[in-house]
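K.L.:
Coordinates in start11.txt, compact mmCIF, C-alpha atoms, are listed below.
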```
# COMPACT_ATOMS: atom_id res chain seq x y z
CA MET I 768 127.69 74.53 123.41
CA ALA I 769 124.07 75.50 122.85
CA LEU I 770 123.77 79.28 123.03
CA ARG I 771 120.76 81.15 124.39
CA ILE I 772 119.81 83.49 121.58
CA LEU I 773 117.19 86.23 121.90
CA ILE I 774 115.80 87.51 118.59
CA VAL I 775 114.01 90.85 118.61
CA GLY I 776 111.51 90.89 115.74
CA GLY I 777 109.45 88.06 114.29
CA GLY I 778 109.15 89.10 110.64
CA LEU I 779 110.73 87.27 107.73
CA ALA I 780 114.28 88.03 108.87
CA GLY I 781 113.53 87.09 112.48
CA GLN I 782 111.83 83.79 111.64
CA ALA I 783 114.50 82.82 109.11
CA THR I 784 117.23 83.56 111.66
CA ALA I 785 115.39 81.63 114.36
CA LEU I 786 115.03 78.62 112.09
CA ALA I 787 118.64 78.66 110.92
CA LEU I 788 120.00 79.03 114.48
CA ARG I 789 117.64 76.34 115.76
CA ARG I 790 119.17 73.98 113.19
CA ALA I 791 122.61 74.96 114.54
CA GLU I 792 121.46 73.41 117.88
CA HIS I 793 120.94 76.64 119.82
CA ASN I 794 118.05 77.62 122.11
CA ILE I 795 116.05 80.41 120.50
CA GLN I 796 113.42 82.85 121.74
CA VAL I 797 111.73 85.38 119.44
CA PHE I 798 110.08 88.56 120.73
CA GLU I 799 107.54 90.11 118.35
CA ASN I 800 105.55 93.27 118.99
CA SER I 801 102.57 92.20 116.86
CA TYR I 802 100.44 89.05 116.98
CA LEU I 803 101.52 87.95 113.48
CA THR I 804 98.04 87.99 112.00
CA PRO I 805 97.80 87.81 108.19
CA GLU I 806 97.36 91.59 108.22
CA ASP I 807 100.58 91.95 110.24
CA THR I 808 102.62 89.85 107.80
CA ALA I 809 101.07 91.06 104.53
CA GLY I 810 103.05 93.10 102.04
CA PRO I 811 104.43 93.15 98.51
CA LEU I 812 105.32 89.83 96.91
CA VAL I 813 108.74 88.35 97.64
CA HIS I 814 111.07 87.40 94.77
CA LEU I 815 113.74 84.81 95.59
CA GLY I 816 116.54 83.46 93.45
CA PRO I 817 117.87 79.89 93.25
CA ARG I 818 120.26 80.18 96.24
CA SER I 819 117.55 81.50 98.56
CA ASN I 820 115.10 78.82 97.44
CA ASP I 821 117.76 76.18 98.07
CA LEU I 822 118.09 77.54 101.62
CA LEU I 823 114.36 77.21 102.22
CA ARG I 824 114.42 73.60 101.05
CA SER I 825 117.49 72.77 103.14
CA TRP I 826 115.77 74.23 106.22
CA GLY I 827 112.74 71.99 105.71
CA VAL I 828 110.32 74.82 104.91
CA ASP I 829 107.00 73.38 103.71
CA THR I 830 106.65 74.36 100.05
CA ALA I 831 102.91 73.62 100.14
CA VAL I 832 102.47 76.33 102.80
CA ALA I 833 104.90 78.81 101.22
CA LYS I 834 103.20 78.26 97.87
CA GLY I 835 105.94 79.75 95.70
CA VAL I 836 105.40 80.20 91.97
CA LEU I 837 108.26 79.27 89.67
CA ILE I 838 109.11 82.03 87.18
CA LYS I 839 110.30 80.97 83.76
CA THR I 840 109.38 84.00 81.65
CA ILE I 841 108.42 87.67 81.94
CA ASP I 842 106.23 89.34 79.33
CA GLU I 843 106.35 93.14 78.99
CA PHE I 844 103.69 95.47 77.56
CA ASP I 845 103.47 99.21 77.03
CA ARG I 846 100.63 101.36 78.35
CA ASP I 847 98.57 100.67 75.21
CA GLY I 848 98.86 96.90 75.62
CA ASN I 849 101.44 96.37 72.89
CA ALA I 850 104.00 93.65 73.56
CA LYS I 851 107.43 95.18 74.25
CA ASP I 852 109.51 92.17 75.12
CA THR I 853 107.61 88.92 75.22
CA GLY I 854 108.95 85.77 76.75
CA VAL I 855 112.10 87.03 78.51
CA VAL I 856 113.56 83.81 79.93
CA LEU I 857 114.92 83.88 83.48
CA PRO I 858 117.69 81.62 84.81
CA PRO I 859 116.29 78.45 86.44
CA GLY I 860 115.14 78.56 90.04
CA TRP I 861 113.54 82.01 90.45
CA MET I 862 110.24 82.07 92.34
CA TYR I 863 107.81 84.58 93.80
CA TYR I 864 105.85 84.20 97.05
CA GLU I 865 102.95 85.87 98.79
CA ARG I 866 104.70 87.44 101.78
CA SER I 867 102.31 86.21 104.49
CA ARG I 868 102.44 82.63 103.18
CA LEU I 869 106.24 82.58 103.18
CA HIS I 870 106.24 84.00 106.70
CA GLN I 871 103.82 81.32 107.91
CA ALA I 872 105.96 78.57 106.37
CA LEU I 873 109.09 79.88 108.12
CA LEU I 874 107.22 80.24 111.43
CA ASN I 875 105.84 76.69 111.16
CA ALA I 876 109.29 75.24 110.50
CA ALA I 877 110.90 77.23 113.35
CA THR I 878 108.34 76.13 115.93
CA ALA I 879 107.67 72.58 114.70
CA SER I 880 107.96 69.79 117.27
CA THR I 881 109.87 67.71 114.71
CA GLY I 882 113.09 68.52 112.89
CA SER I 883 116.60 69.51 113.92
CA GLY I 884 117.12 71.31 117.19
CA VAL I 885 114.81 72.57 119.93
CA PRO I 886 111.58 74.27 118.75
CA VAL I 887 111.76 78.05 118.78
CA GLU I 888 109.75 79.83 121.47
CA VAL I 889 107.86 82.84 120.09
CA HIS I 890 106.56 85.60 122.39
CA LEU I 891 103.84 87.62 120.63
CA GLY I 892 102.59 91.05 121.64
CA THR I 893 105.86 91.76 123.43
CA GLU I 894 107.48 95.15 122.98
CA VAL I 895 111.23 95.30 123.61
CA VAL I 896 111.97 98.70 125.12
CA SER I 897 115.68 98.44 125.90
CA VAL I 898 118.73 96.28 125.20
CA ASP I 899 121.82 95.91 127.39
CA THR I 900 124.75 95.45 125.02
CA GLN I 901 127.11 94.22 127.72
CA ALA I 902 124.90 91.55 129.25
CA ALA I 903 122.91 90.44 126.15
CA ARG I 904 119.80 91.39 128.09
CA ILE I 905 116.46 92.75 126.88
CA VAL I 906 113.71 94.48 128.82
CA LEU I 907 110.07 94.26 127.74
CA GLY I 908 107.41 96.92 128.05
CA ASP I 909 105.73 94.98 130.86
CA GLY I 910 108.96 94.98 132.88
CA ARG I 911 110.04 91.40 132.23
CA VAL I 912 113.75 90.85 131.66
CA PHE I 913 115.35 88.15 129.51
CA GLU I 914 119.05 87.41 129.36
CA GLY I 915 120.91 85.30 126.82
CA ASP I 916 124.28 84.81 125.20
CA VAL I 917 123.40 86.73 122.01
CA VAL I 918 120.76 89.30 121.08
CA VAL I 919 119.83 89.52 117.38
CA GLY I 920 118.13 92.71 116.23
CA ALA I 921 115.78 91.61 113.45
CA ASP I 922 113.27 94.36 114.16
CA GLY I 923 113.31 96.02 110.77
CA PHE I 924 113.22 99.63 109.63
CA TYR I 925 112.31 101.10 113.01
CA SER I 926 114.73 98.93 114.96
CA THR I 927 114.98 99.46 118.71
CA VAL I 928 118.15 97.37 118.78
CA ARG I 929 119.76 99.54 116.08
CA LYS I 930 119.27 102.65 118.18
CA THR I 931 120.92 100.88 121.10
CA ILE I 932 124.13 99.90 119.35
CA ALA I 933 124.43 102.52 116.59
CA HIS I 934 123.19 105.46 118.67
CA VAL I 935 121.22 106.91 115.77
CA ASP I 936 117.56 107.56 115.20
CA THR I 937 115.81 106.19 112.15
CA ILE I 938 115.78 109.26 109.91
CA PRO I 939 114.63 108.90 106.27
CA ILE I 940 117.06 110.05 103.59
CA ASN I 941 114.60 110.23 100.68
CA ASP I 942 110.95 110.75 99.92
CA ARG I 943 108.47 108.06 100.82
CA LYS I 944 107.36 105.33 98.46
CA ILE I 945 103.95 103.65 98.38
CA ALA I 946 103.73 99.95 97.60
CA VAL I 947 100.33 99.19 96.04
CA GLN I 948 98.65 95.80 95.75
CA PHE I 949 95.20 94.62 94.63
CA SER I 950 93.66 91.44 93.26
CA VAL I 951 90.95 90.65 90.72
CA GLN I 952 89.09 87.49 89.89
CA LEU I 953 89.95 85.67 86.69
CA TYR I 954 87.51 86.20 83.85
CA SER I 955 87.45 85.62 80.09
CA GLY I 956 89.75 88.47 79.04
CA PRO I 957 93.08 87.80 77.30
CA LEU I 958 95.20 89.13 80.18
CA THR I 959 93.68 86.90 82.83
CA GLN I 960 93.49 83.89 80.53
CA ARG I 961 97.21 84.03 79.80
CA PHE I 962 97.96 82.95 83.37
CA PRO I 963 96.01 79.68 83.57
CA ASN I 964 97.58 78.74 80.25
CA GLN I 965 101.10 79.89 81.21
CA PRO I 966 101.29 79.91 85.02
CA GLU I 967 105.10 80.05 85.37
CA ARG I 968 105.42 83.71 84.48
CA TYR I 969 104.45 87.25 85.33
CA GLU I 970 103.83 90.42 83.34
CA LYS I 971 105.06 94.01 83.43
CA TRP I 972 102.91 96.84 82.08
CA THR I 973 104.77 100.15 81.71
CA GLY I 974 102.71 103.31 81.93
CA SER I 975 103.66 106.96 82.39
CA ASP I 976 106.52 106.77 84.91
CA LEU I 977 104.92 103.66 86.39
CA GLU I 978 105.30 99.90 86.11
CA VAL I 979 102.48 97.54 87.09
CA ARG I 980 103.36 93.87 87.66
CA VAL I 981 100.77 91.13 87.28
CA TYR I 982 101.08 87.79 89.10
CA SER I 983 99.10 84.65 89.77
CA VAL I 984 99.43 83.19 93.28
CA GLU I 985 95.94 82.18 94.39
CA PRO I 986 93.79 80.02 92.06
CA GLY I 987 91.11 82.12 90.42
CA TYR I 988 92.77 85.49 91.09
CA LEU I 989 95.42 87.78 89.66
CA LEU I 990 97.55 89.98 91.89
CA PHE I 991 98.64 93.44 90.71
CA GLU I 992 101.48 95.43 92.28
CA CYS I 993 103.31 98.70 91.68
CA THR I 994 105.26 101.36 93.55
CA LEU I 995 104.38 105.05 93.56
CA PRO I 996 106.16 108.10 94.99
CA ALA I 997 104.28 109.68 97.88
CA GLN I 998 103.37 113.21 96.88
CA ALA I 999 104.60 115.71 99.46
CA GLY I 1000 101.86 117.67 101.15
CA THR I 1001 99.05 115.49 99.83
CA GLU I 1002 97.11 112.77 101.58
CA THR I 1003 97.54 109.29 100.18
CA THR I 1004 94.21 107.48 99.96
CA PRO I 1005 93.00 104.49 97.96
CA ALA I 1006 90.97 106.88 95.81
CA SER I 1007 94.00 109.08 95.04
CA VAL I 1008 96.11 106.02 94.24
CA LYS I 1009 93.44 104.68 91.88
CA ALA I 1010 93.40 108.05 90.10
CA LEU I 1011 97.18 107.93 89.64
CA LEU I 1012 96.99 104.41 88.23
CA ILE I 1013 94.28 105.39 85.74
CA GLN I 1014 96.30 108.45 84.73
CA ALA I 1015 99.34 106.24 84.00
CA PHE I 1016 97.30 104.04 81.63
CA PRO I 1017 95.01 106.54 79.87
CA SER I 1018 93.87 104.39 76.95
CA ASN I 1019 90.50 102.97 77.95
CA GLN I 1020 90.83 100.40 75.18
CA THR I 1021 93.39 98.27 77.04
CA GLU I 1022 92.33 95.49 79.34
CA LEU I 1023 94.51 96.83 82.19
CA ALA I 1024 92.90 100.27 81.94
CA GLN I 1025 89.45 98.69 82.13
CA ILE I 1026 90.49 96.68 85.19
CA LEU I 1027 91.75 99.86 86.87
CA ALA I 1028 88.58 101.78 86.06
CA ALA I 1029 86.43 99.05 87.60
CA LEU I 1030 88.67 98.61 90.65
CA ASP I 1031 86.91 98.87 94.01
CA THR I 1032 89.16 101.01 96.22
CA LYS I 1033 88.29 98.76 99.18
CA ASN I 1034 90.49 96.13 97.53
CA LEU I 1035 93.53 98.42 97.32
CA HIS I 1036 96.24 97.68 99.89
CA LEU I 1037 98.86 100.36 100.52
CA TRP I 1038 102.16 100.30 102.41
CA THR I 1039 104.02 103.58 102.79
CA GLN I 1040 107.75 103.49 103.51
CA ALA I 1041 110.59 105.98 103.35
CA GLU I 1042 114.14 105.07 102.35
CA TYR I 1043 116.56 104.79 105.28
CA PRO I 1044 120.34 104.68 105.50
CA ARG I 1045 122.23 101.54 106.37
CA VAL I 1046 124.14 102.12 109.55
CA GLN I 1047 127.83 101.33 109.77
CA THR I 1048 127.76 99.61 113.17
CA TRP I 1049 126.03 96.23 113.14
CA THR I 1050 127.55 94.70 116.25
CA SER I 1051 128.33 95.64 119.81
CA ASN I 1052 129.75 92.96 122.08
CA LYS I 1053 127.06 90.21 121.95
CA ILE I 1054 124.46 92.20 120.01
CA VAL I 1055 124.07 91.99 116.23
CA LEU I 1056 121.74 93.55 113.65
CA ILE I 1057 120.32 91.50 110.80
CA GLY I 1058 118.05 92.08 107.80
CA ASP I 1059 116.42 95.50 107.44
CA ALA I 1060 117.65 96.56 110.88
CA ALA I 1061 121.19 96.52 109.41
CA HIS I 1062 120.72 97.10 105.68
CA PRO I 1063 117.15 98.27 104.94
CA PHE I 1064 115.66 97.64 101.53
CA LEU I 1065 112.22 98.91 100.62
CA PRO I 1066 109.62 96.10 100.80
CA HIS I 1067 109.22 95.90 97.02
CA GLU I 1068 112.96 95.66 96.32
CA ALA I 1069 114.05 92.20 95.25
CA PRO I 1070 117.28 91.91 97.31
CA GLY I 1071 115.58 92.56 100.66
CA THR I 1072 114.24 89.14 101.67
CA SER I 1073 116.95 87.16 99.90
CA GLN I 1074 119.63 89.06 101.81
CA SER I 1075 117.79 88.46 105.09
CA LEU I 1076 117.74 84.72 104.37
CA ASN I 1077 121.43 84.76 103.56
CA ASP I 1078 122.10 86.80 106.71
CA ALA I 1079 120.41 84.03 108.68
CA ALA I 1080 122.26 81.18 106.97
CA THR I 1081 125.70 82.74 107.34
CA LEU I 1082 125.07 83.75 110.96
CA ALA I 1083 124.10 80.16 111.80
CA ALA I 1084 127.29 78.94 110.11
CA GLU I 1085 129.39 81.44 112.07
CA LEU I 1086 127.70 80.60 115.39
CA SER I 1087 128.21 76.87 115.10
CA SER I 1088 127.39 74.57 118.00
CA ASP I 1089 131.02 74.56 119.23
CA VAL I 1090 131.28 78.35 119.67
CA LYS I 1091 132.20 79.38 123.22
CA ALA I 1092 130.38 82.24 124.93
CA GLU I 1093 133.57 84.27 125.35
CA ASP I 1094 134.25 84.07 121.60
CA ILE I 1095 130.85 85.40 120.51
CA PRO I 1096 131.97 89.03 119.86
CA ARG I 1097 134.74 87.83 117.56
CA HIS I 1098 132.38 85.60 115.60
CA LEU I 1099 129.79 88.37 115.25
CA ALA I 1100 132.47 90.74 113.97
CA ALA I 1101 133.61 88.13 111.43
CA TRP I 1102 130.03 87.59 110.25
CA THR I 1103 129.51 91.35 109.86
CA ALA I 1104 132.64 91.74 107.74
CA LEU I 1105 131.51 88.88 105.50
CA ARG I 1106 128.01 90.23 104.97
CA LYS I 1107 129.14 93.81 104.33
CA GLU I 1108 131.45 92.59 101.59
CA ARG I 1109 128.54 90.73 100.00
CA LEU I 1110 126.26 93.78 100.14
CA LYS I 1111 128.88 95.88 98.36
CA THR I 1112 128.24 93.81 95.25
CA LEU I 1113 124.50 94.65 95.14
CA PRO I 1114 122.89 97.60 93.36
CA CYS I 1115 122.29 100.28 95.98
CA PHE I 1116 119.36 102.61 96.20
CA TYR I 1117 121.51 105.51 97.34
CA ALA I 1118 125.15 106.34 96.86
CA SER I 1119 126.60 105.28 100.24
CA ALA I 1120 124.24 102.38 100.93
CA CYS I 1121 126.85 99.66 100.80
CA THR I 1122 129.85 101.40 102.33
```
What's the structure tokens form of this structure?

P.N.:
Amino acid sequence: MALRILIVGGGLAGQATALALRRAEHNIQVFENSYLTPEDTAGPLVHLGPRSNDLLRSWGVDTAVAKGVLIKTIDEFDRDGNAKDTGVVLPPGWMYYERSRLHQALLNAATASTGSGVPVEVHLGTEVVSVDTQAARIVLGDGRVFEGDVVVGADGFYSTVRKTIAHVDTIPINDRKIAVQFSVQLYSGPLTQRFPNQPERYEKWTGSDLEVRVYSVEPGYLLFECTLPAQAGTETTPASVKALLIQAFPSNQTELAQILAALDTKNLHLWTQAEYPRVQTWTSNKIVLIGDAAHPFLPHEAPGTSQSLNDAATLAAELSSDVKAEDIPRHLAAWTALRKERLKTLPCFYASACT
């Protein structure tokens, strides 16, 4: 039986879940507060391993749109530009993606007029203000009401659905982190020239308590990323972030230091995020949490997106096309038990994260 599934949140987790459940022959509607502009979907690069990349291919995600870069090696340098560990070879199948491109590829596949299942219906600019756990019903800010067989909370760190079923507010447990990203045009320097010659790679530069990663996604540009602690009681601005970066790489003789000194702060993109606990309750009757709504990772942490994709794939397998409406709570509970066991095997960013 085709289930009516309402997904709250249209980010990476929401679109992946919509696509996977569409392919399981269900009728899917996604409700997203933003309008999914490139600015809405931007963020730190996404690293995916072989299993997650296999999922994308099996779902028919357009690789030309996602534009992933295969990673074969990682080169590491110290703050003075000396090679620390050159040519670390990764297992086959690892790739990195620009977040907004991967999101667009998932959205395109979910809403495409061709392919398995009924195209997903996406409602943009729609704020979900309440969720009825007994009736699988959601209420929007404009008063409209939608009812389905299942409600999936894929609404991330500040999840409305989480508050409904777990009865907790989103309270940070640790200090905030700042994800930093900027790009520079390729020029004749050794650092930038290494990428056209060896594109299937990225670099790590380790400064004073700071690691800067260098990638190539867009032809003609390099993308730089790092993560900084937010300093309590001080305002975080592009200028203050630039100063911290320069301080971490003090030798003005290195190419990275020269790039940082010349950096226009208008090109610095910052995302500030605190660490949040993973709640114990992921399901209530016909409501289920998925992705960061259930087990939040910081945006720069590698397991985040891959676990959201695997959440989606396993949920679609559990809610197969022959599931009866009265059996949904049992299937959601079984899925939750499976995913919690998997998360226990991952490195956690605080002591009780995977309990």

K.L.:
I'd like the contact shell of stretch 995-997 of chain I - 12 Å cut-off, all atoms listed in the file, skipping same-chain residues fewer than 6 positions apart - returned as a PyMOL selection string.

P.N.:
chain I and resi 941-948+974-979+1003-1004+1007-1012+1015+1037-1042+1067

K.L.:
At what distance in Å, to one decimal, does atom CA of I:Leu1086 lie from atom CA of I:Leu1099?

P.N.:
8.0 Å

K.L.:
Here is a test: counting only C-alpha atoms, which residue of I:Glu888, I:Asp829, I:Glu914, I:Glu1022 is nearest to I:Arg846?

P.N.:
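Closest to I:Arg846, using only C-alpha atoms: I:Glu1022.
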
K.L.:
Using only C-alpha atoms, find all polymer residues with an atom at most 12 Å away from the point (117.6, 74.5, 101.2); report them as number ranges by chain.

P.N.:
I: 783, 786-787, 816-830, 1076-1077, 1080

K.L.:
Wanna dump the stretch 782-894 of chain I-stretch 916-930 of chain I contacts at 9 Å for me, each residue with its shortest atom pair and the distance in Å to one decimal, counting only C-alpha atoms, ordered by chain and number, as CSV?

P.N.:
```
residue,atom,partner,partner_atom,distance
I:Gln782,CA,I:Ala921,CA,8.9
I:Thr784,CA,I:Ala921,CA,8.4
I:Glu799,CA,I:Asp922,CA,8.3
```

K.L.:
Hey, which of I:Ile795, I:Leu1110, I:Ala1028, I:Ile841 ends up closest to I:Arg968? Count only C-alpha atoms.

P.N.:
I:Ile841

K.L.:
Name the closest residue to I:Leu869 among the candidates I:Leu812, I:Asp847, I:Gly892, I:Arg789; distances are taken between atoms, counting all atoms listed in the file.

P.N.:
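The shortest atom-to-atom distance to I:Leu869 comes from I:Leu812.
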
K.L.:
Which residues are near I:Gln952? Cut-off 7 Å, all atoms listed in the file, ignore same chain within fewer than 3 positions. Put them as a JSON list (two decimals) with C-alpha atoms, in the frame of the given file.

P.N.:
```json
[["chain", "number", "residue", "atom", "x", "y", "z"],
["I", 987, "GLY", "CA", 91.11, 82.12, 90.42],
["I", 988, "TYR", "CA", 92.77, 85.49, 91.09],
["I", 989, "LEU", "CA", 95.42, 87.78, 89.66]]
```

K.L.:
With distances taken over all atoms listed in the file, which residue among I:Ser867, I:Thr893, I:Gln965, I:Ser880 lies nearest I:Gly854?

P.N.:
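Closest to I:Gly854, using all atoms listed in the file: I:Gln965.
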
K.L.:
All heavy atoms are what I want for stretch 1099-1109 of chain I; can you complete it accordingly and write them as a tab-separated table (two decimals), in the coordinates of the input?

P.N.:
```tsv
chain	number	residue	atom	x	y	z
I	1099	LEU	N	130.74	87.40	115.79
I	1099	LEU	CA	129.79	88.37	115.25
I	1099	LEU	C	130.50	89.39	114.37
I	1099	LEU	O	129.98	89.80	113.32
I	1099	LEU	CB	129.03	89.07	116.38
I	1099	LEU	CG	128.11	88.18	117.23
I	1099	LEU	CD1	127.39	89.03	118.27
I	1099	LEU	CD2	127.11	87.42	116.37
I	1100	ALA	N	131.69	89.80	114.79
I	1100	ALA	CA	132.47	90.74	113.97
I	1100	ALA	C	132.87	90.10	112.64
I	1100	ALA	O	132.83	90.75	111.59
I	1100	ALA	CB	133.71	91.20	114.74
I	1101	ALA	N	133.24	88.82	112.67
I	1101	ALA	CA	133.61	88.13	111.43
I	1101	ALA	C	132.41	88.00	110.49
I	1101	ALA	O	132.53	88.19	109.28
I	1101	ALA	CB	134.18	86.75	111.76
I	1102	TRP	N	131.26	87.69	111.06
I	1102	TRP	CA	130.03	87.59	110.25
I	1102	TRP	C	129.70	88.93	109.60
I	1102	TRP	O	129.37	89.00	108.42
I	1102	TRP	CB	128.86	87.13	111.11
I	1102	TRP	CG	127.56	87.16	110.39
I	1102	TRP	CD1	127.04	86.22	109.56
I	1102	TRP	CD2	126.61	88.25	110.40
I	1102	TRP	NE1	125.83	86.63	109.05
I	1102	TRP	CE2	125.55	87.87	109.55
I	1102	TRP	CE3	126.57	89.48	111.04
I	1102	TRP	CZ2	124.44	88.69	109.33
I	1102	TRP	CZ3	125.47	90.30	110.82
I	1102	TRP	CH2	124.42	89.91	109.98
I	1103	THR	N	129.82	90.02	110.37
I	1103	THR	CA	129.51	91.35	109.86
I	1103	THR	C	130.42	91.71	108.69
I	1103	THR	O	129.96	92.23	107.67
I	1103	THR	CB	129.66	92.40	110.98
I	1103	THR	OG1	128.72	92.11	112.02
I	1103	THR	CG2	129.40	93.80	110.45
I	1104	ALA	N	131.70	91.44	108.82
I	1104	ALA	CA	132.64	91.74	107.74
I	1104	ALA	C	132.27	90.97	106.47
I	1104	ALA	O	132.30	91.52	105.36
I	1104	ALA	CB	134.06	91.41	108.17
I	1105	LEU	N	131.90	89.71	106.63
I	1105	LEU	CA	131.51	88.88	105.50
I	1105	LEU	C	130.28	89.43	104.79
I	1105	LEU	O	130.24	89.55	103.55
I	1105	LEU	CB	131.25	87.45	105.98
I	1105	LEU	CG	130.70	86.46	104.94
I	1105	LEU	CD1	131.79	86.12	103.93
I	1105	LEU	CD2	130.21	85.19	105.64
I	1106	ARG	N	129.26	89.77	105.56
I	1106	ARG	CA	128.01	90.23	104.97
I	1106	ARG	C	128.15	91.62	104.33
I	1106	ARG	O	127.56	91.89	103.28
I	1106	ARG	CB	126.89	90.24	106.02
I	1106	ARG	CG	126.51	88.87	106.52
I	1106	ARG	CD	126.08	87.97	105.37
I	1106	ARG	NE	124.85	88.46	104.75
I	1106	ARG	CZ	124.54	88.26	103.47
I	1106	ARG	NH1	125.36	87.63	102.66
I	1106	ARG	NH2	123.40	88.73	102.99
I	1107	LYS	N	128.94	92.49	104.93
I	1107	LYS	CA	129.14	93.81	104.33
I	1107	LYS	C	129.83	93.69	102.98
I	1107	LYS	O	129.49	94.43	102.03
I	1107	LYS	CB	129.93	94.71	105.28
I	1107	LYS	CG	129.11	95.27	106.43
I	1107	LYS	CD	129.91	96.29	107.22
I	1107	LYS	CE	129.03	96.95	108.28
I	1107	LYS	NZ	129.75	98.00	109.04
I	1108	GLU	N	130.79	92.80	102.87
I	1108	GLU	CA	131.45	92.59	101.59
I	1108	GLU	C	130.45	92.11	100.54
I	1108	GLU	O	130.50	92.52	99.38
I	1108	GLU	CB	132.58	91.58	101.74
I	1108	GLU	CG	133.84	92.15	102.36
I	1108	GLU	CD	134.40	93.31	101.55
I	1108	GLU	OE1	134.57	93.16	100.32
I	1108	GLU	OE2	134.65	94.38	102.14
I	1109	ARG	N	129.54	91.23	100.94
I	1109	ARG	CA	128.54	90.73	100.00
I	1109	ARG	C	127.61	91.87	99.55
I	1109	ARG	O	127.29	91.99	98.36
I	1109	ARG	CB	127.71	89.62	100.65
I	1109	ARG	CG	126.53	89.15	99.82
I	1109	ARG	CD	126.98	88.47	98.54
I	1109	ARG	NE	125.85	88.08	97.70
I	1109	ARG	CZ	125.48	88.73	96.60
I	1109	ARG	NH1	126.15	89.82	96.22
I	1109	ARG	NH2	124.46	88.31	95.87
```
